[in-house]
$ cat work_21.txt   # compact mmCIF, C-alpha atoms and all ligand atoms
# COMPACT_ATOMS: atom_id res chain seq x y z
CA MET A 1 10.54 24.54 -62.57
CA ARG A 2 11.10 20.80 -63.14
CA ILE A 3 12.60 18.90 -60.20
CA VAL A 4 13.36 15.17 -60.33
CA ILE A 5 14.48 13.18 -57.28
CA VAL A 6 16.11 9.77 -57.74
CA GLY A 7 15.34 7.47 -54.78
CA ALA A 8 12.41 7.46 -52.36
CA GLY A 9 14.47 6.63 -49.29
CA VAL A 10 15.03 8.89 -46.30
CA ALA A 11 16.27 12.10 -47.96
CA GLY A 12 14.24 11.60 -51.17
CA CYS A 13 10.86 11.38 -49.43
CA VAL A 14 11.51 14.38 -47.17
CA MET A 15 12.52 16.44 -50.23
CA ALA A 16 9.65 15.25 -52.44
CA ARG A 17 7.07 16.16 -49.83
CA ARG A 18 8.48 19.58 -49.00
CA LEU A 19 9.43 20.71 -52.53
CA SER A 20 6.02 19.72 -53.90
CA ARG A 21 4.64 22.65 -51.90
CA LEU A 22 6.68 25.18 -53.89
CA GLY A 23 4.39 27.19 -56.15
CA GLY A 24 4.99 26.40 -59.83
CA ALA A 25 7.27 23.40 -59.23
CA GLU A 26 6.70 20.04 -60.91
CA VAL A 27 8.24 17.44 -58.55
CA MET A 28 8.72 13.80 -59.43
CA CYS A 29 10.49 11.16 -57.32
CA LEU A 30 11.55 7.95 -59.09
CA GLU A 31 12.11 4.86 -56.94
CA ARG A 32 13.62 1.58 -58.11
CA VAL A 33 11.77 -0.84 -55.80
CA ALA A 34 8.08 -1.71 -56.01
CA ARG A 35 5.50 0.04 -53.83
CA ASP A 36 5.41 -1.54 -50.32
CA ASP A 37 8.76 -3.24 -50.88
CA HIS A 38 10.83 -2.25 -47.87
CA SER A 39 12.66 -5.57 -47.84
CA GLU A 40 16.11 -4.02 -48.14
CA ALA A 41 15.45 -2.25 -44.85
CA GLY A 42 15.21 -5.15 -42.41
CA THR A 43 16.90 -3.70 -39.34
CA GLY A 44 16.46 -1.01 -36.71
CA LEU A 45 17.64 2.58 -36.66
CA ASN A 46 18.44 5.01 -33.90
CA VAL A 47 17.85 8.43 -35.38
CA GLY A 48 19.64 11.27 -33.59
CA PRO A 49 17.94 14.20 -31.81
CA ASN A 50 19.46 16.48 -34.47
CA ALA A 51 17.27 14.89 -37.18
CA VAL A 52 14.17 15.23 -35.01
CA LYS A 53 14.97 18.89 -34.38
CA ALA A 54 15.64 19.64 -38.06
CA LEU A 55 12.56 17.83 -39.37
CA ARG A 56 10.33 19.54 -36.81
CA VAL A 57 11.32 22.92 -38.28
CA ILE A 58 10.34 22.12 -41.86
CA ASP A 59 7.65 19.46 -41.49
CA PRO A 60 6.24 19.05 -37.94
CA GLU A 61 3.41 16.83 -39.18
CA LEU A 62 5.87 14.33 -40.68
CA ALA A 63 7.98 14.45 -37.51
CA ASP A 64 4.85 13.61 -35.47
CA SER A 65 4.05 10.64 -37.74
CA ILE A 66 7.53 9.22 -37.20
CA THR A 67 7.25 9.79 -33.45
CA GLN A 68 3.99 7.81 -33.40
CA ASN A 69 5.77 4.82 -34.97
CA SER A 70 8.91 4.98 -32.80
CA PHE A 71 10.13 4.57 -29.27
CA VAL A 72 11.93 7.59 -27.85
CA TRP A 73 15.71 7.39 -27.56
CA ARG A 74 16.53 9.11 -24.25
CA ASN A 75 19.70 7.50 -22.96
CA TRP A 76 23.03 6.08 -24.11
CA ARG A 77 24.84 3.59 -21.88
CA ILE A 78 28.19 1.84 -22.50
CA SER A 79 29.25 -1.17 -20.40
CA LEU A 80 31.62 -4.10 -20.56
CA THR A 81 30.02 -7.47 -21.27
CA ASP A 82 30.69 -8.39 -17.61
CA GLY A 83 28.25 -5.61 -16.60
CA THR A 84 30.74 -2.88 -15.58
CA VAL A 85 29.17 0.45 -16.59
CA LEU A 86 31.61 2.88 -18.27
CA PHE A 87 29.34 5.66 -19.57
CA ASP A 88 25.70 6.52 -18.88
CA LEU A 89 24.39 9.65 -20.56
CA PRO A 90 20.85 11.04 -20.56
CA LEU A 91 20.57 12.68 -24.00
CA SER A 92 18.85 15.64 -22.35
CA GLU A 93 22.34 16.71 -21.14
CA VAL A 94 23.62 17.12 -24.71
CA ALA A 95 20.53 17.53 -26.91
CA ASP A 96 17.39 19.67 -27.13
CA GLY A 97 15.11 16.61 -27.18
CA PRO A 98 15.15 12.84 -27.60
CA GLY A 99 15.88 10.82 -30.73
CA TRP A 100 13.87 8.01 -32.33
CA ARG A 101 14.22 4.23 -32.24
CA ILE A 102 12.36 2.71 -35.16
CA ARG A 103 12.35 -0.23 -37.53
CA TRP A 104 13.94 0.85 -40.78
CA SER A 105 11.03 -0.61 -42.76
CA GLU A 106 8.59 1.44 -40.64
CA LEU A 107 10.53 4.63 -41.26
CA TYR A 108 10.38 3.95 -45.01
CA ARG A 109 6.65 3.16 -44.81
CA VAL A 110 5.85 6.41 -42.97
CA LEU A 111 8.04 8.54 -45.24
CA ARG A 112 6.78 6.95 -48.45
CA GLU A 113 3.14 7.33 -47.41
CA ALA A 114 3.79 10.99 -46.63
CA ALA A 115 5.39 11.57 -50.05
CA ALA A 116 2.99 9.26 -51.91
CA PRO A 117 1.49 11.56 -54.56
CA HIS A 118 4.95 12.41 -55.89
CA VAL A 119 6.65 8.99 -55.91
CA GLN A 120 6.65 6.58 -58.84
CA TYR A 121 7.74 3.00 -58.08
CA GLY A 122 9.41 0.29 -60.13
CA CYS A 123 11.50 2.82 -62.08
CA GLU A 124 14.74 1.44 -63.49
CA ILE A 125 16.90 4.30 -64.66
CA THR A 126 18.71 3.48 -67.88
CA ASP A 127 20.33 6.78 -68.82
CA ILE A 128 21.30 10.02 -67.09
CA GLY A 129 23.12 12.91 -68.73
CA ARG A 130 23.29 16.61 -69.48
CA ASP A 131 20.46 18.20 -71.42
CA ALA A 132 21.37 18.77 -75.09
CA ALA A 133 20.03 22.33 -75.15
CA ASP A 134 21.29 23.50 -71.75
CA PRO A 135 24.23 21.61 -70.16
CA CYS A 136 23.34 22.94 -66.69
CA LYS A 137 20.12 20.95 -66.93
CA THR A 138 19.83 17.16 -67.11
CA ARG A 139 17.90 14.45 -68.92
CA LEU A 140 16.77 11.07 -67.67
CA THR A 141 15.51 7.85 -69.26
CA TRP A 142 13.90 5.02 -67.29
CA THR A 143 11.70 1.99 -67.68
CA GLN A 144 8.53 1.47 -65.68
CA ASP A 145 6.08 -1.42 -66.14
CA GLY A 146 7.89 -2.37 -69.34
CA ARG A 147 7.51 1.12 -70.83
CA ILE A 148 10.36 3.50 -71.59
CA ALA A 149 9.97 7.04 -70.23
CA HIS A 150 12.13 10.06 -70.93
CA LEU A 151 12.39 13.54 -69.46
CA ASP A 152 14.70 16.36 -70.44
CA GLY A 153 15.08 19.98 -69.41
CA ILE A 154 15.31 18.95 -65.74
CA ASP A 155 16.11 22.15 -63.81
CA LEU A 156 17.20 20.33 -60.66
CA LEU A 157 18.13 16.65 -60.37
CA ILE A 158 18.43 15.44 -56.77
CA ALA A 159 20.38 12.22 -56.25
CA ALA A 160 18.95 10.63 -53.10
CA ASP A 161 19.74 7.12 -54.30
CA GLY A 162 21.84 6.04 -51.35
CA ARG A 163 25.35 4.87 -50.61
CA TYR A 164 26.01 3.31 -54.03
CA SER A 165 24.44 6.25 -55.91
CA ARG A 166 24.50 5.52 -59.61
CA THR A 167 23.56 9.12 -60.33
CA ARG A 168 26.69 10.36 -58.54
CA ARG A 169 28.93 7.80 -60.26
CA ILE A 170 27.64 8.83 -63.69
CA MET A 171 27.64 12.59 -63.12
CA SER A 172 30.73 12.96 -60.89
CA GLY A 173 32.73 9.72 -61.08
CA GLU A 174 33.49 7.01 -58.51
CA PRO A 175 33.82 8.38 -54.96
CA GLY A 176 36.97 7.54 -53.00
CA ILE A 177 36.23 4.88 -50.36
CA ARG A 178 38.06 4.32 -47.07
CA LEU A 179 37.68 1.11 -45.06
CA THR A 180 38.18 1.41 -41.30
CA GLY A 181 39.12 -2.20 -40.47
CA VAL A 182 35.92 -3.09 -38.63
CA ALA A 183 33.41 -5.85 -39.50
CA VAL A 184 29.75 -5.08 -38.69
CA PHE A 185 26.80 -7.44 -38.41
CA ARG A 186 23.16 -6.56 -37.79
CA VAL A 187 20.04 -8.53 -36.99
CA LEU A 188 16.47 -7.74 -35.95
CA VAL A 189 14.82 -10.29 -33.64
CA GLY A 190 11.59 -10.65 -31.66
CA ASP A 191 12.02 -9.36 -28.11
CA THR A 192 12.46 -12.40 -25.85
CA SER A 193 14.77 -10.52 -23.48
CA GLY A 194 12.15 -10.21 -20.73
CA GLY A 195 12.85 -6.48 -20.34
CA LEU A 196 16.65 -6.74 -20.31
CA ILE A 197 16.98 -4.64 -23.46
CA ASP A 198 15.23 -1.32 -23.96
CA ASP A 199 16.97 2.01 -24.66
CA TYR A 200 20.21 2.41 -26.63
CA GLU A 201 23.19 0.52 -25.11
CA GLN A 202 26.61 -0.80 -26.11
CA TRP A 203 28.72 -3.56 -24.51
CA PHE A 204 32.44 -4.13 -25.07
CA ASN A 205 34.69 -7.16 -24.69
CA GLY A 206 38.06 -5.75 -25.70
CA PRO A 207 37.47 -3.94 -29.01
CA ASN A 208 34.57 -6.28 -29.88
CA ARG A 209 31.31 -4.41 -29.39
CA LEU A 210 27.62 -5.29 -29.20
CA LEU A 211 24.89 -2.66 -29.54
CA ALA A 212 21.17 -3.15 -28.99
CA PHE A 213 17.87 -1.37 -28.43
CA ARG A 214 14.18 -2.16 -28.56
CA VAL A 215 12.03 -0.93 -31.46
CA PRO A 216 8.25 -1.08 -32.00
CA PRO A 217 6.23 -3.16 -32.02
CA SER A 218 8.21 -5.73 -29.96
CA HIS A 219 11.59 -6.25 -31.55
CA VAL A 220 15.21 -5.87 -30.58
CA TYR A 221 17.80 -4.62 -33.01
CA ILE A 222 21.31 -6.00 -32.37
CA ALA A 223 24.51 -4.93 -34.11
CA GLY A 224 27.98 -6.32 -33.42
CA THR A 225 31.44 -5.28 -34.52
CA PHE A 226 34.98 -6.61 -34.30
CA PRO A 227 38.28 -5.52 -35.88
CA ILE A 228 39.54 -7.02 -39.14
CA PRO A 229 42.55 -6.06 -41.28
CA PRO A 230 41.49 -2.82 -43.07
CA GLU A 231 41.55 -4.02 -46.68
CA ALA A 232 40.47 -7.62 -45.99
CA ASP A 233 37.11 -9.26 -46.65
CA ILE A 234 35.41 -10.57 -43.51
CA PRO A 235 36.78 -14.11 -43.02
CA GLU A 236 33.89 -16.61 -43.21
CA ASP A 237 35.13 -18.52 -40.14
CA LEU A 238 34.66 -15.39 -37.98
CA LYS A 239 30.91 -15.50 -38.72
CA ALA A 240 30.45 -18.92 -37.04
CA PRO A 241 28.29 -18.97 -33.84
CA GLN A 242 31.04 -20.42 -31.64
CA VAL A 243 33.51 -17.73 -32.80
CA LEU A 244 30.96 -14.97 -32.14
CA HIS A 245 30.24 -16.51 -28.74
CA ALA A 246 33.93 -16.34 -27.82
CA ALA A 247 34.32 -12.80 -29.22
CA TYR A 248 31.82 -11.27 -26.77
CA THR A 249 32.19 -13.52 -23.70
CA PRO A 250 34.32 -11.85 -21.00
CA PRO A 251 37.45 -13.91 -20.22
CA ASN A 252 37.59 -13.47 -16.44
CA ALA A 253 33.98 -13.06 -15.27
CA PRO A 254 30.54 -14.31 -16.20
CA PRO A 255 28.66 -12.18 -18.74
CA SER A 256 25.97 -9.86 -17.38
CA ALA A 257 22.37 -11.01 -17.88
CA GLN A 258 22.05 -8.56 -20.78
CA ALA A 259 25.25 -9.75 -22.45
CA ARG A 260 24.32 -13.41 -21.98
CA TRP A 261 20.96 -12.88 -23.72
CA LEU A 262 22.58 -10.89 -26.52
CA ILE A 263 25.38 -13.42 -27.11
CA ASP A 264 22.92 -16.35 -27.15
CA THR A 265 20.55 -14.48 -29.47
CA VAL A 266 23.32 -13.49 -31.88
CA CYS A 267 24.56 -17.08 -32.03
CA GLN A 268 21.05 -18.48 -32.58
CA ASN A 269 20.47 -15.99 -35.42
CA ALA A 270 23.93 -16.15 -36.99
CA ALA A 271 22.43 -17.40 -40.27
CA GLU A 272 20.10 -14.36 -40.52
CA THR A 273 22.66 -11.64 -39.90
CA HIS A 274 23.53 -8.97 -42.45
CA TRP A 275 27.31 -8.38 -42.74
CA ALA A 276 29.24 -5.31 -43.94
CA ARG A 277 32.65 -3.70 -43.64
CA MET A 278 32.67 -0.30 -41.97
CA GLN A 279 33.59 2.37 -44.53
CA GLU A 280 33.07 5.94 -45.61
CA HIS A 281 33.27 7.73 -48.93
CA ASP A 282 34.25 11.19 -50.11
CA LEU A 283 31.92 14.08 -49.39
CA LEU A 284 30.31 15.78 -52.40
CA TYR A 285 27.13 17.86 -52.52
CA ARG A 286 26.90 18.84 -56.18
CA ALA A 287 28.13 18.07 -59.67
CA ASP A 288 30.51 20.47 -61.44
CA ASP A 289 28.71 23.03 -63.67
CA CYS A 290 25.47 21.06 -63.68
CA ASN A 291 22.38 21.29 -61.50
CA VAL A 292 22.68 17.96 -59.70
CA LEU A 293 22.43 17.87 -55.91
CA TYR A 294 23.65 14.91 -53.83
CA LEU A 295 21.94 14.30 -50.50
CA GLY A 296 22.16 11.72 -47.72
CA ASP A 297 24.37 8.69 -48.34
CA ALA A 298 24.81 9.72 -51.98
CA ALA A 299 26.67 12.79 -50.69
CA HIS A 300 28.46 11.20 -47.72
CA GLY A 301 28.49 7.50 -46.92
CA MET A 302 29.87 7.58 -43.38
CA VAL A 303 30.90 5.14 -40.67
CA PRO A 304 27.82 4.15 -38.61
CA THR A 305 29.39 4.60 -35.17
CA LEU A 306 27.24 7.55 -34.04
CA GLY A 307 24.07 6.46 -35.89
CA GLN A 308 24.23 9.50 -38.17
CA GLY A 309 23.48 7.96 -41.62
CA ALA A 310 19.69 8.33 -41.74
CA THR A 311 20.00 11.16 -39.24
CA GLN A 312 22.12 13.23 -41.63
CA ALA A 313 19.95 12.27 -44.60
CA ILE A 314 17.08 13.97 -42.73
CA GLU A 315 19.22 16.93 -41.65
CA ASP A 316 20.49 17.37 -45.23
CA ALA A 317 16.99 17.25 -46.68
CA ALA A 318 15.56 19.62 -44.07
CA ASN A 319 18.29 22.20 -44.69
CA ALA A 320 18.22 21.89 -48.48
CA ALA A 321 14.42 22.07 -48.65
CA ALA A 322 14.28 25.09 -46.32
CA LEU A 323 16.93 26.94 -48.31
CA ILE A 324 15.26 26.22 -51.66
CA ALA A 325 11.85 27.27 -50.28
CA ARG A 326 13.31 30.54 -48.99
CA HIS A 327 15.03 31.39 -52.28
CA HIS A 328 11.94 30.47 -54.28
CA ARG A 329 9.76 32.64 -52.05
CA ASP A 330 12.20 35.54 -52.53
CA GLY A 331 12.09 35.12 -56.32
CA VAL A 332 15.64 33.69 -56.56
CA ASP A 333 15.17 30.83 -59.03
CA ASP A 334 18.80 30.44 -60.08
CA VAL A 335 19.29 26.71 -59.36
CA GLY A 336 23.10 27.01 -59.53
CA ARG A 337 22.92 29.56 -56.73
CA TRP A 338 20.68 27.24 -54.65
CA LEU A 339 23.23 24.44 -54.96
CA ALA A 340 26.19 26.66 -54.10
CA ASP A 341 24.34 27.89 -51.00
CA ILE A 342 23.35 24.36 -49.92
CA GLU A 343 26.96 23.22 -50.28
CA ALA A 344 28.19 26.21 -48.28
CA LEU A 345 25.61 25.53 -45.58
CA ARG A 346 26.31 21.80 -45.25
CA LYS A 347 29.94 21.09 -46.12
CA ASP A 348 31.70 22.04 -42.89
CA ARG A 349 28.90 20.58 -40.81
CA MET A 350 29.22 17.25 -42.66
CA ARG A 351 33.01 17.25 -42.35
CA PHE A 352 32.55 17.63 -38.60
CA VAL A 353 29.97 14.80 -38.45
CA MET A 354 32.12 12.43 -40.52
CA GLU A 355 35.27 13.19 -38.55
CA PHE A 356 33.47 12.83 -35.21
CA SER A 357 31.95 9.49 -36.33
CA ARG A 358 35.44 8.31 -37.32
CA ASP A 359 37.02 9.47 -34.04
CA ALA A 360 34.28 7.78 -32.00
CA THR A 361 35.23 4.49 -33.66
CA ASP A 362 38.54 4.47 -31.73
CA THR A 363 37.36 1.90 -29.17
CA MET A 364 36.42 -0.56 -31.95
CA LEU A 365 39.78 -0.74 -33.70
CA ALA A 366 42.33 -3.55 -33.32
CA GLY A 367 44.19 -3.28 -30.00
CA ALA A 368 41.81 -0.66 -28.53
CA ASP A 369 41.19 -0.55 -24.80
CA PRO A 370 37.46 0.22 -24.35
CA VAL A 371 37.87 1.18 -20.69
CA GLU A 372 40.44 3.88 -21.36
CA GLY A 373 38.79 4.84 -24.67
CA THR A 374 35.37 5.26 -23.08
CA ARG A 375 36.76 7.22 -20.12
CA HIS A 376 37.45 10.21 -22.37
CA LYS A 377 33.85 10.08 -23.63
CA ASN A 378 32.83 11.15 -20.12
CA GLU A 379 34.92 14.30 -20.37
CA GLY A 380 34.13 17.83 -21.55
CA PRO A 381 35.60 17.78 -25.07
CA PHE A 382 33.64 14.69 -26.17
CA ARG A 383 30.43 16.00 -24.58
CA ASN A 384 30.88 19.37 -26.25
CA ARG A 385 31.22 17.65 -29.60
CA LEU A 386 28.04 15.69 -28.86
CA LYS A 387 26.26 18.96 -28.05
CA ALA A 388 27.38 20.39 -31.39
CA LEU A 389 26.29 17.20 -33.16
CA TYR A 390 22.83 17.06 -31.63
CA ARG A 391 22.04 20.79 -31.43
CA ASP A 392 23.69 22.70 -34.29
CA VAL A 393 21.40 21.55 -37.08
CA GLY A 394 21.62 24.70 -39.17
CA LEU A 395 17.94 25.62 -38.91
CA PRO A 396 16.31 28.05 -36.48
C1 LIG B 401 21.93 -2.25 -41.41
C2 LIG B 401 22.01 -0.74 -41.32
C3 LIG B 401 21.75 -0.11 -40.09
C4 LIG B 401 21.80 1.30 -40.00
N1 LIG B 401 21.58 1.90 -38.81
C5 LIG B 401 21.48 3.27 -38.75
C6 LIG B 401 21.12 3.93 -37.54
O1 LIG B 401 20.93 3.30 -36.49
N2 LIG B 401 20.98 5.29 -37.56
C7 LIG B 401 21.17 6.03 -38.69
O2 LIG B 401 20.99 7.26 -38.65
N3 LIG B 401 21.54 5.42 -39.84
C8 LIG B 401 21.70 4.08 -39.91
N4 LIG B 401 22.03 3.46 -41.07
C9 LIG B 401 22.31 4.26 -42.25
C10 LIG B 401 21.02 4.71 -42.92
O3 LIG B 401 20.13 3.66 -43.14
C11 LIG B 401 21.36 5.40 -44.22
O4 LIG B 401 22.38 6.33 -43.96
C12 LIG B 401 20.14 6.13 -44.77
O5 LIG B 401 19.13 5.23 -45.14
C13 LIG B 401 20.55 6.99 -45.94
O6 LIG B 401 19.42 7.65 -46.43
P1 LIG B 401 19.37 8.11 -47.95
O7 LIG B 401 18.10 8.83 -48.11
O8 LIG B 401 20.63 8.76 -48.32
O9 LIG B 401 19.36 6.75 -48.78
P2 LIG B 401 18.47 5.46 -48.60
O10 LIG B 401 17.58 5.55 -47.43
O11 LIG B 401 19.40 4.31 -48.75
O12 LIG B 401 17.52 5.54 -49.87
C14 LIG B 401 17.97 5.38 -51.18
C15 LIG B 401 16.76 5.03 -52.03
O13 LIG B 401 17.15 5.11 -53.39
C16 LIG B 401 16.66 3.98 -54.08
N5 LIG B 401 17.53 3.77 -55.24
C17 LIG B 401 18.82 3.36 -55.25
N6 LIG B 401 19.28 3.32 -56.52
C18 LIG B 401 18.27 3.75 -57.31
C19 LIG B 401 18.13 3.93 -58.71
N7 LIG B 401 19.14 3.69 -59.56
N8 LIG B 401 16.96 4.38 -59.17
C20 LIG B 401 15.92 4.65 -58.34
N9 LIG B 401 15.98 4.48 -57.00
C21 LIG B 401 17.16 4.04 -56.50
C22 LIG B 401 16.71 2.87 -53.04
O14 LIG B 401 15.84 1.80 -53.36
C23 LIG B 401 16.25 3.63 -51.79
O15 LIG B 401 14.85 3.67 -51.66
C24 LIG B 401 22.06 2.06 -41.16
C25 LIG B 401 22.34 1.41 -42.38
C26 LIG B 401 22.34 0.03 -42.45
C27 LIG B 401 22.67 -0.67 -43.75
$ encode --input "work_21.txt" --output "structure tokens" --more "lines below"
Ligand SMILES: Cc1cc2nc3c(=O)[nH]c(=O)nc-3n(C[C@H](O)[C@H](O)[C@H](O)COP(=O)(O)OP(=O)(O)OC[C@H]3O[C@@H](n4cnc5c(N)ncnc54)[C@H](O)[C@@H]3O)c2cc1C
Amino acid sequence: MRIVIVGAGVAGCVMARRLSRLGGAEVMCLERVARDDHSEAGTGLNVGPNAVKALRVIDPELADSITQNSFVWRNWRISLTDGTVLFDLPLSEVADGPGWRIRWSELYRVLREAAAPHVQYGCEITDIGRDAADPCKTRLTWTQDGRIAHLDGIDLLIAADGRYSRTRRIMSGEPGIRLTGVAVFRVLVGDTSGGLIDDYEQWFNGPNRLLAFRVPPSHVYIAGTFPIPPEADIPEDLKAPQVLHAAYTPPNAPPSAQARWLIDTVCQNAAETHWARMQEHDLLYRADDCNVLYLGDAAHGMVPTLGQGATQAIEDAANAAALIARHHRDGVDDVGRWLADIEALRKDRMRFVMEFSRDATDTMLAGADPVEGTRHKNEGPFRNRLKALYRDVGLP
């Protein structure tokens, strides 16, 4: 059984490590960047309790390693930038355990170390296609250290190459993309807040929102959003420090101590911020009539509102790996059947997660009233959806 994984990111590393334990499987994970290059991952992540729960089922040792390099995420608070608290939720009320707060580069380091024997770095894929002898299988060509390498007869190709997955574009065409009309910026800074910022919090001024939390060793991750016309690029003048200052400063009251520190820090670091437009793309778990599995962002780039991107990459990988291991153990080595079962297991769950993430963005859209919009987040229906999000991970 020949299994190739493209991308040693979140989903790719979890899969490489778990599938390499299957008897008789040859598992290879090809990663584009060089070893120890985590430079594209310069921010912080809050990883949901659902990922922790799922990973614990299939790989408790890996879950423990991540825990050792994280702070626990126990609480979610939403306030206005003048300090008025709108929502304050201990995650224990809606989840079976806490989540993680971690630097993205640290998460990559831990995952890549754990998958190390199976990952090859510096691989630039030059060709992907169907195998000439068996069109359900695939072939792959890549360059590594100036040498060309080629593999055919691949029984299972797993595309874990992220939001702009080249594997998915080649094998299944361009995914449909929907922009939500929200600009997002992110920055990771040293913690000079003097204890003002710790667990996961959000602050609104109208629909403009700041989000921040502390991550190890002593950093604060800050993300900000504001509405823009849905199809427009982010206007350059909106990225200027004085414009950002005005966007988050409450009009009729002084900012809270937290908001003041955040606004000042964002303005001081305006040149370092990473900008993006909030968007999602069509859900797809497998190629037609060919044994290619899409996982993580390659399967479902989603809006980041509920912090479910890396979280679902882990949940995807945990479910897919567990299902493959079970079939393999039971002597079911029909890869097409594995993929059909993974799709059946994950599709409705992912539709729910994507829709919930979209709905939760309501308070960030043009004209939104965060006070009214957050009020309903205190009510039963929203909390029940959170319980389903954080608890129903598909694994025992
Ligand atoms: C700034 C920012 C903040 C975020 N915050 C959060 C958060 O708080 N919580 C959360 O859950 N999610 C968050 N996300 C989303 C999260 O990071 C992604 O959803 C997650 O990393 C997806 O995991 P993945 O395994 O699908 O892909 P990735 O982790 O993106 O991994 C893809 C891997 O494939 C490699 N690759 C790409 N193309 C090729 C190729 N052609 N050949 C070989 N290798 C290739 C890449 O180098 C990379 O290593 C955030 C994203 C961003 C950008």
$ residues_near_ligand --input "work_21.txt" --ligand "ligand LIG 401 (chain B)" --cutoff "6 Å" --atoms "all atoms listed in the file" --output "PyMOL selection string"
chain A and resi 6-12+30-33+43+45-47+124-125+160-162+165-166+186+296-298+307-311+313
$ residues_near_point --input "work_21.txt" --point "(13.8, -3.7, -30.4)" --cutoff "10 Å" --atoms "all atoms listed in the file" --output "list in words"
Thr43, Gly44, Leu45, Phe71, Arg101, Ile102, Arg103, Leu188, Val189, Gly190, Asp191, Thr192, Ser193, Ile197, Asp198, Asp199, Tyr200, Ala212, Phe213, Arg214, Val215, Pro216, Pro217, Ser218, His219, Val220, Tyr221 and Ile222 of chain A
$ residues_around --input "work_21.txt" --residues "stretch 357-362 of chain A" --least-positions-apart "4" --cutoff "8 Å" --atoms "only C-alpha atoms" --output "PyMOL selection string"
chain A and resi 302-306+308+353+368+373
$ closest_atom_pairs --input "work_21.txt" --of "stretch 126-245 of chain A" --to "stretch 80-97 of chain A" --cutoff "10 Å" --atoms "only C-alpha atoms" --output "CSV"
residue,atom,partner,partner_atom,distance
A:Glu201,CA,A:Asp88,CA,9.0
A:Gln202,CA,A:Leu80,CA,8.2
A:Trp203,CA,A:Leu80,CA,4.9
A:Phe204,CA,A:Leu80,CA,4.6
A:Asn205,CA,A:Thr81,CA,5.8
A:Gly206,CA,A:Leu80,CA,8.4
A:Asn208,CA,A:Thr81,CA,9.8
A:Arg209,CA,A:Thr81,CA,8.8
A:Leu210,CA,A:Thr81,CA,8.6
$ atom_distance --input "work_21.txt" --atom1 "atom CA of A:Gly194" --atom2 "atom CA of A:Thr374"
28.0 Å
$ residues_around --input "work_21.txt" --residues "A:Pro235" --least-positions-apart "6" --cutoff "12 Å" --atoms "all atoms listed in the file" --output "MDAnalysis selection string"
chainID A and resid 182:183 226:229 243 275:277
$ atom_distance --input "work_21.txt" --atom1 "atom CA of A:Val110" --atom2 "atom CA of A:Gly394"
24.4 Å
$ atom_distance --input "work_21.txt" --atom1 "atom CA of A:Ala271" --atom2 "atom CA of A:Gly122"
29.6 Å
